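Novice: Coordinates in entry22.cif, mmCIF, C-alpha atoms and all ligand atoms, are listed below.
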```cif
data_structure
loop_
_atom_site.label_atom_id
_atom_site.label_comp_id
_atom_site.auth_asym_id
_atom_site.auth_seq_id
_atom_site.Cartn_x
_atom_site.Cartn_y
_atom_site.Cartn_z
CA MET A 1 -5.63 -1.80 4.07
CA LYS A 2 -3.10 1.07 4.32
CA LYS A 3 -4.64 2.56 1.21
CA LYS A 4 -8.13 2.59 2.79
CA ILE A 5 -7.00 4.43 5.95
CA PHE A 6 -5.21 6.90 3.76
CA ALA A 7 -8.37 7.58 1.70
CA VAL A 8 -10.30 8.31 4.92
CA CYS A 9 -7.60 10.81 5.95
CA LEU A 10 -7.89 12.60 2.61
CA THR A 11 -11.67 12.80 3.01
CA ALA A 12 -11.12 14.33 6.44
CA VAL A 13 -8.81 16.91 4.89
CA PHE A 14 -11.45 17.92 2.36
CA LEU A 15 -14.19 17.99 5.01
CA GLY A 16 -11.88 20.20 7.06
CA LEU A 17 -11.57 22.54 4.11
CA GLY A 18 -15.29 22.44 3.47
CA ILE A 19 -16.44 23.69 6.85
CA THR A 20 -14.18 26.74 7.03
CA PRO A 21 -15.52 29.25 4.45
CA GLY A 22 -17.17 31.36 7.17
CA LEU A 23 -13.80 32.41 8.53
CA ALA A 24 -12.08 35.55 7.42
CA SER A 25 -9.93 35.08 4.33
CA ASP A 26 -6.63 35.34 6.26
CA THR A 27 -7.69 32.49 8.59
CA LYS A 28 -8.93 30.51 5.58
CA ILE A 29 -5.59 30.89 3.78
CA GLN A 30 -3.70 29.98 6.99
CA ASN A 31 -5.84 26.82 7.31
CA TYR A 32 -5.04 25.83 3.72
CA LYS A 33 -1.35 26.39 4.41
CA ASN A 34 -1.57 24.20 7.52
CA GLU A 35 -3.20 21.40 5.48
CA LEU A 36 -0.40 21.76 2.93
CA LYS A 37 2.25 21.51 5.68
CA GLN A 38 0.58 18.38 7.13
CA ASN A 39 0.46 16.76 3.69
CA GLU A 40 4.12 17.54 3.10
CA GLN A 41 5.04 15.99 6.47
CA GLN A 42 3.03 12.90 5.54
CA MET A 43 4.77 12.75 2.16
CA THR A 44 8.18 12.91 3.89
CA ASN A 45 7.14 9.97 6.11
CA ILE A 46 5.88 7.92 3.16
CA GLN A 47 9.03 8.72 1.15
CA GLY A 48 11.06 7.36 4.10
CA GLN A 49 9.04 4.15 4.13
CA LEU A 50 9.42 3.88 0.35
CA ASN A 51 13.22 4.28 0.57
CA ASN A 52 13.36 1.65 3.31
CA THR A 53 11.29 -0.78 1.19
CA THR A 54 13.44 -0.19 -1.91
CA SER A 55 16.61 -0.84 0.09
CA LYS A 56 15.11 -4.09 1.48
CA LYS A 57 14.23 -5.12 -2.08
CA THR A 58 17.79 -4.46 -3.28
CA THR A 59 19.18 -6.64 -0.45
CA ALA A 60 16.70 -9.44 -1.27
CA LYS A 61 17.70 -9.29 -4.95
CA GLU A 62 21.38 -9.61 -4.03
CA GLU A 63 20.55 -12.63 -1.85
CA VAL A 64 18.64 -14.23 -4.72
CA GLU A 65 21.68 -13.76 -6.97
CA LYS A 66 23.93 -15.48 -4.41
CA LEU A 67 21.44 -18.33 -3.97
CA ASP A 68 21.17 -18.69 -7.75
CA THR A 69 24.94 -19.07 -8.07
CA GLU A 70 24.92 -21.76 -5.36
CA LEU A 71 21.91 -23.43 -6.96
CA ASN A 72 23.65 -23.53 -10.35
CA LYS A 73 26.64 -25.25 -8.73
CA VAL A 74 24.43 -27.83 -6.97
CA ASN A 75 22.46 -28.39 -10.17
CA SER A 76 25.58 -29.19 -12.17
CA GLU A 77 26.79 -31.49 -9.34
CA TYR A 78 23.45 -33.25 -9.45
CA GLU A 79 23.55 -33.66 -13.23
CA SER A 80 27.08 -35.07 -13.04
CA LEU A 81 25.98 -37.55 -10.33
CA VAL A 82 22.99 -38.67 -12.39
CA GLU A 83 25.31 -39.21 -15.36
CA ARG A 84 27.74 -41.24 -13.25
CA LEU A 85 24.90 -43.30 -11.82
CA ASP A 86 23.65 -44.01 -15.32
CA LYS A 87 27.13 -45.12 -16.40
CA THR A 88 27.48 -47.33 -13.27
CA ASN A 89 24.14 -48.96 -13.99
CA LYS A 90 25.36 -49.83 -17.48
CA GLN A 91 28.63 -51.23 -16.07
CA LEU A 92 26.65 -53.29 -13.58
CA GLU A 93 24.44 -54.63 -16.33
CA GLN A 94 27.53 -55.61 -18.36
CA ALA A 95 29.23 -57.27 -15.34
CA GLN A 96 26.06 -59.18 -14.46
CA LYS A 97 25.89 -60.43 -18.06
CA GLU A 98 29.55 -61.54 -17.85
CA LEU A 99 28.85 -63.25 -14.52
CA ALA A 100 25.91 -65.13 -16.04
CA GLU A 101 28.14 -66.27 -18.90
CA ALA A 102 30.93 -67.38 -16.53
CA THR A 103 28.48 -69.25 -14.35
CA GLU A 104 27.11 -71.00 -17.41
CA LYS A 105 30.61 -71.94 -18.63
CA ARG A 106 31.49 -73.28 -15.19
CA GLU A 107 28.26 -75.29 -15.07
CA VAL A 108 28.85 -76.69 -18.55
CA GLN A 109 32.38 -77.67 -17.59
CA TYR A 110 31.16 -79.30 -14.38
CA ASP A 111 28.60 -81.25 -16.40
CA THR A 112 31.33 -82.33 -18.83
CA LEU A 113 33.48 -83.59 -15.96
CA LYS A 114 30.59 -85.38 -14.33
CA GLU A 115 29.79 -86.99 -17.68
CA ARG A 116 33.36 -88.19 -18.10
CA ILE A 117 33.37 -89.72 -14.59
CA ARG A 118 30.00 -91.34 -15.25
CA VAL A 119 31.36 -92.78 -18.50
CA MET A 120 34.44 -94.02 -16.70
CA TYR A 121 32.52 -95.93 -14.04
CA GLU A 122 29.25 -96.91 -15.68
CA GLU A 123 29.81 -97.55 -19.36
CA GLY A 124 32.77 -99.96 -19.11
CA ASP A 125 32.79 -101.04 -22.75
CA ILE A 126 33.64 -97.62 -24.10
CA GLY A 127 35.07 -96.22 -20.84
CA TYR A 128 38.52 -95.50 -19.49
CA LEU A 129 38.66 -98.99 -17.81
CA GLU A 130 38.35 -100.68 -21.21
CA VAL A 131 41.03 -98.39 -22.56
CA LEU A 132 43.28 -99.43 -19.66
CA LEU A 133 42.43 -103.16 -19.85
CA ASN A 134 43.10 -103.23 -23.58
CA ALA A 135 46.73 -102.21 -23.00
CA ASP A 136 49.28 -104.39 -24.82
CA SER A 137 51.85 -104.10 -22.13
CA PHE A 138 52.47 -102.64 -18.73
CA SER A 139 54.24 -99.69 -20.30
CA ASP A 140 51.28 -99.30 -22.70
CA TYR A 141 49.04 -99.47 -19.60
CA LEU A 142 51.08 -96.74 -17.89
CA ASN A 143 50.94 -94.66 -21.07
CA ARG A 144 47.18 -95.09 -21.26
CA MET A 145 46.87 -94.28 -17.52
CA GLU A 146 48.98 -91.14 -18.05
CA TYR A 147 46.78 -90.18 -20.98
CA ILE A 148 43.58 -90.63 -18.99
CA ASN A 149 45.06 -88.67 -16.03
CA ARG A 150 45.95 -85.82 -18.39
CA ILE A 151 42.42 -85.68 -19.71
CA MET A 152 41.11 -85.72 -16.10
CA ASP A 153 43.61 -83.02 -15.05
CA HIS A 154 42.71 -80.93 -18.04
CA ASP A 155 39.01 -81.17 -17.15
CA ASN A 156 39.73 -80.40 -13.48
CA ASN A 157 41.91 -77.43 -14.40
CA LEU A 158 39.30 -76.07 -16.74
CA LEU A 159 36.70 -76.36 -13.99
CA ALA A 160 39.03 -74.61 -11.50
CA ASP A 161 39.72 -71.82 -14.03
CA PHE A 162 36.04 -71.30 -14.69
CA GLN A 163 35.32 -71.26 -10.99
CA ALA A 164 38.08 -68.67 -10.40
CA LEU A 165 36.71 -66.52 -13.23
CA GLU A 166 33.21 -66.77 -11.80
CA ILE A 167 34.44 -65.62 -8.36
CA LEU A 168 36.39 -62.73 -9.92
CA ILE A 169 33.39 -61.49 -11.88
CA ASN A 170 31.20 -61.89 -8.82
CA GLU A 171 33.59 -59.65 -6.88
CA LYS A 172 33.44 -57.11 -9.70
CA VAL A 173 29.61 -57.16 -9.56
CA ASN A 174 29.69 -56.60 -5.78
CA GLU A 175 32.13 -53.72 -6.20
CA ILE A 176 29.93 -52.03 -8.80
CA GLU A 177 26.88 -52.55 -6.62
CA ASP A 178 28.65 -50.84 -3.67
CA CYS A 179 29.65 -47.98 -5.94
CA LYS A 180 26.05 -47.68 -7.14
CA LYS A 181 24.72 -47.52 -3.58
CA GLU A 182 27.19 -44.76 -2.71
CA LEU A 183 26.23 -42.80 -5.84
CA GLU A 184 22.53 -43.20 -5.07
CA SER A 185 22.99 -41.84 -1.54
CA LEU A 186 25.05 -38.89 -2.87
CA THR A 187 22.41 -38.15 -5.53
CA ALA A 188 19.62 -38.15 -2.92
CA LYS A 189 21.59 -35.78 -0.67
CA THR A 190 22.26 -33.41 -3.58
CA ALA A 191 18.61 -33.50 -4.61
CA ALA A 192 17.62 -32.54 -1.04
CA LYS A 193 20.10 -29.63 -1.06
CA LYS A 194 18.74 -28.57 -4.42
CA ALA A 195 15.14 -28.59 -3.10
CA GLU A 196 16.18 -26.56 -0.05
CA LEU A 197 17.88 -23.93 -2.22
CA ASP A 198 14.87 -23.88 -4.54
CA SER A 199 12.58 -23.16 -1.61
CA LYS A 200 14.92 -20.42 -0.30
CA VAL A 201 14.94 -18.75 -3.72
CA GLN A 202 11.14 -18.96 -3.88
CA GLU A 203 10.90 -17.39 -0.40
CA LYS A 204 13.07 -14.47 -1.50
CA LEU A 205 11.10 -14.05 -4.74
CA ASP A 206 7.85 -13.92 -2.73
CA LEU A 207 9.41 -11.26 -0.47
CA ILE A 208 10.51 -9.23 -3.50
CA SER A 209 7.03 -9.37 -4.98
CA LYS A 210 5.50 -8.23 -1.63
CA LEU A 211 8.03 -5.37 -1.41
CA SER A 212 7.20 -4.36 -4.99
CA ALA A 213 3.51 -4.20 -4.06
CA ASP A 214 4.39 -2.02 -1.03
CA GLU A 215 6.43 0.27 -3.28
CA ALA A 216 3.47 0.65 -5.63
CA THR A 217 1.18 1.52 -2.69
CA TYR A 218 3.60 4.15 -1.36
CA ASN A 219 4.03 5.65 -4.83
CA GLN A 220 0.24 5.82 -5.24
CA GLN A 221 -0.08 7.53 -1.83
CA LEU A 222 2.61 10.05 -2.80
CA SER A 223 0.92 10.85 -6.10
CA ASP A 224 -2.49 11.18 -4.36
CA LEU A 225 -0.99 13.61 -1.81
CA GLU A 226 0.78 15.52 -4.58
CA GLU A 227 -2.56 15.88 -6.38
CA ASP A 228 -4.19 16.97 -3.12
CA ASN A 229 -1.45 19.59 -2.61
CA GLU A 230 -1.95 20.98 -6.11
CA TYR A 231 -5.65 21.36 -5.30
CA ILE A 232 -4.94 23.11 -1.97
CA LYS A 233 -2.42 25.42 -3.68
CA SER A 234 -5.06 26.40 -6.22
CA LEU A 235 -7.48 27.13 -3.32
CA ILE A 236 -4.85 29.33 -1.65
CA GLN A 237 -4.24 31.20 -4.91
CA LYS A 238 -7.97 31.73 -5.36
CA ALA A 239 -8.45 32.92 -1.76
CA GLU A 240 -5.46 35.27 -2.03
CA LYS A 241 -6.83 36.72 -5.29
CA GLU A 242 -10.25 37.20 -3.70
CA ALA A 243 -8.73 38.86 -0.62
CA ALA A 244 -6.65 41.20 -2.81
CA ALA A 245 -9.72 42.06 -4.94
CA ALA A 246 -11.84 42.74 -1.83
CA LYS A 247 -9.11 44.96 -0.39
CA ALA A 248 -8.79 46.90 -3.66
CA ALA A 249 -12.58 47.31 -3.91
CA ALA A 250 -12.79 48.51 -0.30
CA GLN A 251 -9.97 51.01 -0.92
CA ALA A 252 -11.64 52.24 -4.14
CA ALA A 253 -14.98 52.54 -2.33
CA ALA A 254 -13.35 54.47 0.51
CA ALA A 255 -11.56 56.78 -1.94
CA ASN A 256 -14.73 57.43 -3.95
CA SER A 257 -16.99 57.89 -0.94
CA ALA A 258 -18.55 61.28 -0.44
CA ALA A 259 -18.10 63.20 2.77
CA SER A 260 -21.45 61.95 3.93
CA TYR A 261 -21.21 58.96 6.29
CA SER A 262 -24.22 57.19 4.83
CA SER A 263 -23.03 57.21 1.22
CA SER A 264 -19.78 55.23 1.72
CA ASN A 265 -19.60 51.78 0.07
CA LYS A 266 -17.18 49.49 1.89
CA ILE A 267 -17.22 45.85 0.83
CA TYR A 268 -17.54 43.53 3.82
CA SER A 269 -15.81 40.12 3.94
CA TYR A 270 -18.29 37.60 5.32
CA GLY A 271 -20.19 34.41 4.44
CA GLY A 272 -21.16 30.98 5.79
CA GLY A 273 -22.78 32.15 9.06
CA ARG A 274 -26.37 31.35 10.10
CA PHE A 275 -27.85 34.86 9.57
CA LEU A 276 -29.09 36.42 6.37
CA TRP A 277 -27.78 39.91 5.42
CA PRO A 278 -30.76 42.03 6.58
CA VAL A 279 -30.58 44.55 3.68
CA PRO A 280 -31.25 42.40 0.57
CA ALA A 281 -30.81 45.38 -1.79
CA TYR A 282 -27.21 46.07 -0.61
CA VAL A 283 -25.81 42.72 0.44
CA GLY A 284 -22.19 43.02 1.65
CA VAL A 285 -22.03 46.83 1.49
CA ILE A 286 -21.28 48.58 4.80
CA ASN A 287 -20.63 52.03 6.22
CA ASP A 288 -18.85 50.97 9.36
CA VAL A 289 -17.60 47.84 11.13
CA TYR A 290 -17.99 46.44 14.65
CA GLY A 291 -15.41 47.39 17.27
CA TYR A 292 -13.46 50.50 18.34
CA ARG A 293 -13.71 53.52 16.01
CA SER A 294 -13.72 57.25 15.94
CA SER A 295 -17.32 58.31 16.51
CA PRO A 296 -18.91 59.77 13.34
CA ILE A 297 -20.70 62.33 15.56
CA SER A 298 -18.40 63.24 18.46
CA GLY A 299 -15.09 62.22 16.82
CA LYS A 300 -14.05 60.53 20.08
CA SER A 301 -12.98 56.88 20.24
CA GLU A 302 -15.87 54.57 21.14
CA HIS A 303 -16.90 50.94 20.86
CA HIS A 304 -19.34 50.28 18.03
CA SER A 305 -21.74 47.50 19.05
CA GLY A 306 -22.85 46.42 15.57
CA LEU A 307 -22.39 46.66 11.81
CA ASP A 308 -23.64 49.75 9.92
CA MET A 309 -25.03 48.40 6.66
CA LYS A 310 -25.74 50.54 3.60
CA ALA A 311 -29.52 51.13 3.38
CA PRO A 312 -30.92 54.29 1.71
CA TYR A 313 -34.11 55.82 3.13
CA GLY A 314 -37.13 53.46 2.80
CA THR A 315 -35.08 50.34 1.87
CA ASP A 316 -36.54 46.95 3.07
CA ILE A 317 -34.96 45.61 6.26
CA VAL A 318 -35.61 41.83 6.68
CA ALA A 319 -35.39 39.27 9.52
CA ALA A 320 -31.94 37.59 9.55
CA ASP A 321 -33.54 34.28 10.61
CA ASP A 322 -36.82 32.77 11.91
CA GLY A 323 -37.84 34.04 15.35
CA THR A 324 -40.19 36.04 17.58
CA VAL A 325 -40.28 39.87 17.77
CA ILE A 326 -39.40 40.83 21.36
CA TYR A 327 -39.03 44.59 20.75
CA SER A 328 -40.54 46.98 18.19
CA GLY A 329 -40.46 50.71 18.96
CA VAL A 330 -38.22 53.68 19.80
CA ARG A 331 -35.16 52.70 21.88
CA ASN A 332 -32.73 55.46 22.99
CA GLY A 333 -29.95 56.07 20.39
CA TYR A 334 -31.23 53.17 18.16
CA GLY A 335 -34.31 55.21 17.14
CA ASN A 336 -37.03 53.00 15.64
CA CYS A 337 -35.69 49.58 16.55
CA VAL A 338 -36.69 45.87 16.16
CA ILE A 339 -35.23 43.00 18.23
CA ILE A 340 -35.93 39.37 17.20
CA ASP A 341 -35.36 36.37 19.49
CA HIS A 342 -34.12 33.32 17.48
CA GLY A 343 -33.97 30.91 20.43
CA GLY A 344 -30.91 29.28 21.98
CA GLY A 345 -29.86 32.64 23.51
CA TYR A 346 -29.49 34.34 20.07
CA SER A 347 -31.19 37.63 19.17
CA THR A 348 -30.66 40.27 16.44
CA LEU A 349 -31.24 44.04 16.55
CA TYR A 350 -32.07 46.42 13.65
CA GLY A 351 -31.77 50.17 14.42
CA HIS A 352 -32.38 53.71 12.95
CA ASN A 353 -35.43 52.63 10.89
CA SER A 354 -37.86 55.17 9.38
CA SER A 355 -40.82 52.83 10.02
CA LEU A 356 -41.54 49.45 11.68
CA CYS A 357 -43.57 46.61 10.06
CA VAL A 358 -43.89 44.14 12.98
CA THR A 359 -45.24 44.10 16.54
CA VAL A 360 -43.99 42.52 19.77
CA GLY A 361 -44.92 38.81 20.09
CA GLN A 362 -45.21 38.36 16.32
CA SER A 363 -43.50 35.32 14.71
CA VAL A 364 -41.35 36.17 11.71
CA VAL A 365 -39.60 34.02 9.10
CA ARG A 366 -36.14 34.45 7.64
CA GLY A 367 -36.20 37.14 4.92
CA GLN A 368 -39.54 38.68 6.03
CA VAL A 369 -39.66 42.53 5.84
CA ILE A 370 -39.67 43.90 9.40
CA ALA A 371 -38.86 47.60 8.90
CA LYS A 372 -37.96 50.37 6.38
CA ALA A 373 -34.52 52.03 6.56
CA GLY A 374 -34.08 55.51 7.99
CA SER A 375 -31.89 57.70 10.19
CA THR A 376 -33.80 57.90 13.48
CA GLY A 377 -31.95 58.02 16.82
CA TYR A 378 -28.21 58.60 17.12
CA SER A 379 -27.41 58.65 13.37
CA THR A 380 -25.79 60.86 10.71
CA GLY A 381 -27.65 59.40 7.70
CA PRO A 382 -29.93 56.54 6.59
CA HIS A 383 -28.45 53.05 7.26
CA CYS A 384 -29.25 49.86 9.14
CA HIS A 385 -27.43 49.32 12.43
CA PHE A 386 -27.36 45.51 12.86
CA GLU A 387 -26.37 43.71 16.06
CA VAL A 388 -26.03 40.04 16.99
CA ARG A 389 -26.56 39.34 20.71
CA ILE A 390 -25.90 36.17 22.67
CA ASN A 391 -27.82 36.07 25.97
CA GLY A 392 -28.35 39.83 25.58
CA GLN A 393 -24.64 40.66 25.11
CA TYR A 394 -23.66 42.05 21.70
CA VAL A 395 -20.84 40.25 19.78
CA ASP A 396 -18.99 40.75 16.52
CA PRO A 397 -21.62 39.83 13.85
CA ASN A 398 -18.98 38.67 11.35
CA PRO A 399 -18.92 34.92 12.18
CA TYR A 400 -22.75 34.83 12.11
CA LEU A 401 -23.25 36.34 8.66
ZN ZN B 501 -24.30 51.63 14.17
#
```
Would you mind writing the structure in this file as C-alpha cells?
Specialist:
Amino acid sequence: MKKKIFAVCLTAVFLGLGITPGLASDTKIQNYKNELKQNEQQMTNIQGQLNNTTSKKTTAKEEVEKLDTELNKVNSEYESLVERLDKTNKQLEQAQKELAEATEKREVQYDTLKERIRVMYEEGDIGYLEVLLNADSFSDYLNRMEYINRIMDHDNNLLADFQALEILINEKVNEIEDCKKELESLTAKTAAKKAELDSKVQEKLDLISKLSADEATYNQQLSDLEEDNEYIKSLIQKAEKEAAAAKAAAQAAAANSAASYSSSNKIYSYGGGRFLWPVPAYVGVINDVYGYRSSPISGKSEHHSGLDMKAPYGTDIVAADDGTVIYSGVRNGYGNCVIIDHGGGYSTLYGHNSSLCVTVGQSVVRGQVIAKAGSTGYSTGPHCHFEVRINGQYVDPNPYL
C-alpha cells in the first residue's frame, strides 16, 4: 500500500517536470533543484523510519533469544518429568504384579487352612479327631493335641504373614499411584507453559518477519528516490549546459554583429508556448527583446512593446496560431501591420512589413503566410516586430512562444 502511494508521488514529480519546459532555463533549473530538495527530504524521512524499524527488529530478536533460553529450560524440565513418569509407571506395574502375587499366596494359604479345618471336622477317619482318639495315653493325647495346635498355629501365622504382606504391598501401590498423579499434574502444567512460550516465540518471529518486509519496502523506496535524483541531476546538468551554450552563442552573435541593427543574430531562449515563431526561416533569431532598452533611433530609454525577430527583406511572415484578421494596413510607427484575433482575449501583431497578404475579416490558420518582411514605419532595417496582446494590452511574448 505504501509502495503504491509512493509510485503516484513519483509520477507527480515527473509530470511536474514535464509541464515546465516553457519557462526560462534559470526557472527550469531552479524547479529541478526544488524537486531534488523535496526528494532528499523524503529520503531523510524514510531513512528515519528504516532506522526505527531496524531498532525494533533488534529488540524483537533479543526477546526471542531470551524466550528461547527459557523455552530450552522448560523443555528439559518437561523431558525429565516424562522420564520420571515413565519410570513411575514401570514401578507401579511391578508393585501391582507383586500385589497380585501376595494376594494369590494369601488366598492359597486361606484355602489350605479352610481345607485343614474341613478335614478336622468332616472327615473323622483321617482327621485330627482320629489322631487324638487314637492316643495311647493322656500324655500321648496331650502330645498329639500340642502337635495339632502347632500345625494350626503355623497355618494361622502363615495366613497372618501373608495378609500383612498383602497390606504392605497395597500401601506401596497406593503410594506409587499418588506419586504418579502428582507427576501427571506437573507434566501437564509444564506442557502448558511450554505451549505458551512456543506461542510467544512464534508471535515475535511473525513480528520480525513483518519488520523485515517493512525494511525491504523502505530500502526499495530509498533506491527508487536515489534513481529519481540521479535522473533530475542529469536534467539539471543538461539544462545548465544548454543555458551556457545559449549564452555563449548570444555573446558570439553580439560580438560578430555588424553595426546595422537589422543584421544582429541574437539567439532567443523560448519554447513550449502556444504560438508559432512567425518567421519560419529564422526561428529563434532576434534583433531585440521585449522591455526597457535604449532606442535604436533616438538612443533614449524606452519600453519596447514586442520582440524584434530577424527577417530580411521579403521573408515570409506567418500567423502564430489560427484566428481572424482584425487589422491589415498602415498603422503609425508599425508601418504595414497585421493584427490577428485568436479568441479568448488573445491577439498577435506583426509590424514593419514590406507587403501584406491578408485582409480584415479573413480567417487564417497557424503557419499561413500573412505578410512579407520589410522596414516600413518606425524602423532602422528589415525585421518583424511581433507582439502578443491580452485584451488589447501588450505583454512579454516569451511565455507564449
Ligand atoms: Zn520592435
Novice: So which residues are near ligand ZN 501 (chain B), meaning at most 9 Å away with all atoms listed in the file counted, given back as a PDB file with C-alpha atoms, in the frame of the given file?
Specialist:
```pdb
ATOM      1  CA  ASN A 287     -20.630  52.030   6.220  1.00  0.00           C
ATOM      2  CA  ASP A 288     -18.850  50.970   9.360  1.00  0.00           C
ATOM      3  CA  VAL A 289     -17.600  47.840  11.130  1.00  0.00           C
ATOM      4  CA  TYR A 290     -17.990  46.440  14.650  1.00  0.00           C
ATOM      5  CA  HIS A 304     -19.340  50.280  18.030  1.00  0.00           C
ATOM      6  CA  SER A 305     -21.740  47.500  19.050  1.00  0.00           C
ATOM      7  CA  GLY A 306     -22.850  46.420  15.570  1.00  0.00           C
ATOM      8  CA  LEU A 307     -22.390  46.660  11.810  1.00  0.00           C
ATOM      9  CA  ASP A 308     -23.640  49.750   9.920  1.00  0.00           C
ATOM     10  CA  MET A 309     -25.030  48.400   6.660  1.00  0.00           C
ATOM     11  CA  TYR A 334     -31.230  53.170  18.160  1.00  0.00           C
ATOM     12  CA  GLY A 351     -31.770  50.170  14.420  1.00  0.00           C
ATOM     13  CA  HIS A 352     -32.380  53.710  12.950  1.00  0.00           C
ATOM     14  CA  TYR A 378     -28.210  58.600  17.120  1.00  0.00           C
ATOM     15  CA  SER A 379     -27.410  58.650  13.370  1.00  0.00           C
ATOM     16  CA  HIS A 383     -28.450  53.050   7.260  1.00  0.00           C
ATOM     17  CA  CYS A 384     -29.250  49.860   9.140  1.00  0.00           C
ATOM     18  CA  HIS A 385     -27.430  49.320  12.430  1.00  0.00           C
ATOM     19  CA  PHE A 386     -27.360  45.510  12.860  1.00  0.00           C
ATOM     20  CA  GLU A 387     -26.370  43.710  16.060  1.00  0.00           C
TER      21      GLU A 387
END
```
Novice: Would you work out the distance separating atom CA of A:Lys193 from atom CA of A:Asp68, expressed in Å to one decimal?
Specialist: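 Result for atom CA of A:Lys193 versus atom CA of A:Asp68: 12.9 Å, one decimal.
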Novice: Stretch 209-223 of chain A: which residues within 7 Å, counting all atoms listed in the file, same-chain residues fewer than 3 positions away excluded, as a PDB file with C-alpha atoms, keeping the file's coordinate frame?
Specialist:
```
ATOM      1  CA  MET A  43       4.770  12.750   2.160  1.00  0.00           C
ATOM      2  CA  ILE A  46       5.880   7.920   3.160  1.00  0.00           C
ATOM      3  CA  LEU A  50       9.420   3.880   0.350  1.00  0.00           C
ATOM      4  CA  THR A  53      11.290  -0.780   1.190  1.00  0.00           C
ATOM      5  CA  LYS A  57      14.230  -5.120  -2.080  1.00  0.00           C
ATOM      6  CA  LEU A 205      11.100 -14.050  -4.740  1.00  0.00           C
ATOM      7  CA  ASP A 206       7.850 -13.920  -2.730  1.00  0.00           C
ATOM      8  CA  GLU A 226       0.780  15.520  -4.580  1.00  0.00           C
ATOM      9  CA  GLU A 227      -2.560  15.880  -6.380  1.00  0.00           C
TER      10      GLU A 227
END
```
Novice: With a distance cut-off of 7 Å and only C-alpha atoms, select the neighbouring residues of stretch 153-169 of chain A, excluding the residue or stretch itself and same-chain residues fewer than 3 positions from it, and output the selection as a tab-separated table (two decimals) with C-alpha atoms, in the frame of the given file.
Specialist:
```
chain	number	residue	atom	x	y	z
A	95	ALA	CA	29.23	-57.27	-15.34
A	99	LEU	CA	28.85	-63.25	-14.52
A	102	ALA	CA	30.93	-67.38	-16.53
A	103	THR	CA	28.48	-69.25	-14.35
A	105	LYS	CA	30.61	-71.94	-18.63
A	106	ARG	CA	31.49	-73.28	-15.19
A	109	GLN	CA	32.38	-77.67	-17.59
A	110	TYR	CA	31.16	-79.30	-14.38
A	113	LEU	CA	33.48	-83.59	-15.96
A	149	ASN	CA	45.06	-88.67	-16.03
A	150	ARG	CA	45.95	-85.82	-18.39
A	172	LYS	CA	33.44	-57.11	-9.70
A	173	VAL	CA	29.61	-57.16	-9.56
```
Novice: So what do you get for atom CA of A:Val64 versus atom CA of A:Gly48, distance-wise?
Specialist: 24.5 Å
Novice: Work out how far atom CA of A:Ile370 is from atom CA of A:Tyr282, in Å to one decimal.
Specialist: 16.1 Å
Novice: Show which residues sit within 12 Å of A:Ala246, as number ranges by chain. Count all atoms listed in the file, and ignore same-chain residues fewer than 2 positions away.
Specialist: A: 24-25, 239-244, 248-253, 266-270, 284-285
Novice: Next, write the just-selected residues to a file, as a short mmCIF file (atom, residue, chain, number, x, y, z; two decimals), in the frame of the given file, keeping C-alpha atoms as the atom set.
Specialist:
```cif
data_model
loop_
_atom_site.label_atom_id
_atom_site.label_comp_id
_atom_site.auth_asym_id
_atom_site.auth_seq_id
_atom_site.Cartn_x
_atom_site.Cartn_y
_atom_site.Cartn_z
CA ALA A 24 -12.08 35.55 7.42
CA SER A 25 -9.93 35.08 4.33
CA ALA A 239 -8.45 32.92 -1.76
CA GLU A 240 -5.46 35.27 -2.03
CA LYS A 241 -6.83 36.72 -5.29
CA GLU A 242 -10.25 37.20 -3.70
CA ALA A 243 -8.73 38.86 -0.62
CA ALA A 244 -6.65 41.20 -2.81
CA ALA A 248 -8.79 46.90 -3.66
CA ALA A 249 -12.58 47.31 -3.91
CA ALA A 250 -12.79 48.51 -0.30
CA GLN A 251 -9.97 51.01 -0.92
CA ALA A 252 -11.64 52.24 -4.14
CA ALA A 253 -14.98 52.54 -2.33
CA LYS A 266 -17.18 49.49 1.89
CA ILE A 267 -17.22 45.85 0.83
CA TYR A 268 -17.54 43.53 3.82
CA SER A 269 -15.81 40.12 3.94
CA TYR A 270 -18.29 37.60 5.32
CA GLY A 284 -22.19 43.02 1.65
CA VAL A 285 -22.03 46.83 1.49
#
```
Novice: Using only C-alpha atoms, which protein or nucleic acid residues come within 12 Å of A:Lys66? Drop anything in the same chain fewer than 5 positions from it, and give the result as a list in words.
Specialist: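 Listing them by chain and then by number gives Thr59, Ala60, Lys61, Leu71, Asn72, Lys73, Leu197, Lys200, Val201 and Lys204 of chain A.
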Novice: My list of candidates is A:Ala191, A:Ile236, A:Leu183, A:Leu225. Which is closest to A:Ser76 when distances are computed with all atoms listed in the file?
Specialist: A:Ala191
Novice: From the options A:Gln91, A:Ser298, A:Thr315, A:Thr359, which residue's atoms come nearest to A:Val279, counting all atoms listed in the file?
Specialist: A:Thr315
Novice: Let me know the centre plus edge lengths, in Å and rounded to one decimal, of a box with edges along x, y and z that contains all listed atoms of stretch 154-164 of chain A and is padded by 3 Å on every side, as JSON.
Specialist:
```
{"center_x": 39.0, "center_y": -74.9, "center_z": -14.2, "size_x": 13.4, "size_y": 18.5, "size_z": 13.6}
```
Novice: Can you list, as a list in words, every protein, DNA or RNA residue that comes within 12 Å of A:Thr376 when you count only C-alpha atoms, leaving out same-chain residues fewer than 3 positions away?
Specialist: Tyr313, Gly329, Val330, Arg331, Asn332, Gly333, Tyr334, Gly335, Asn336, Cys337, Tyr350, Gly351, His352, Asn353, Ser354, Ser355, Leu356, Lys372, Ala373, Ser379, Thr380, Gly381, Pro382, His383, Cys384 and His385 of chain A
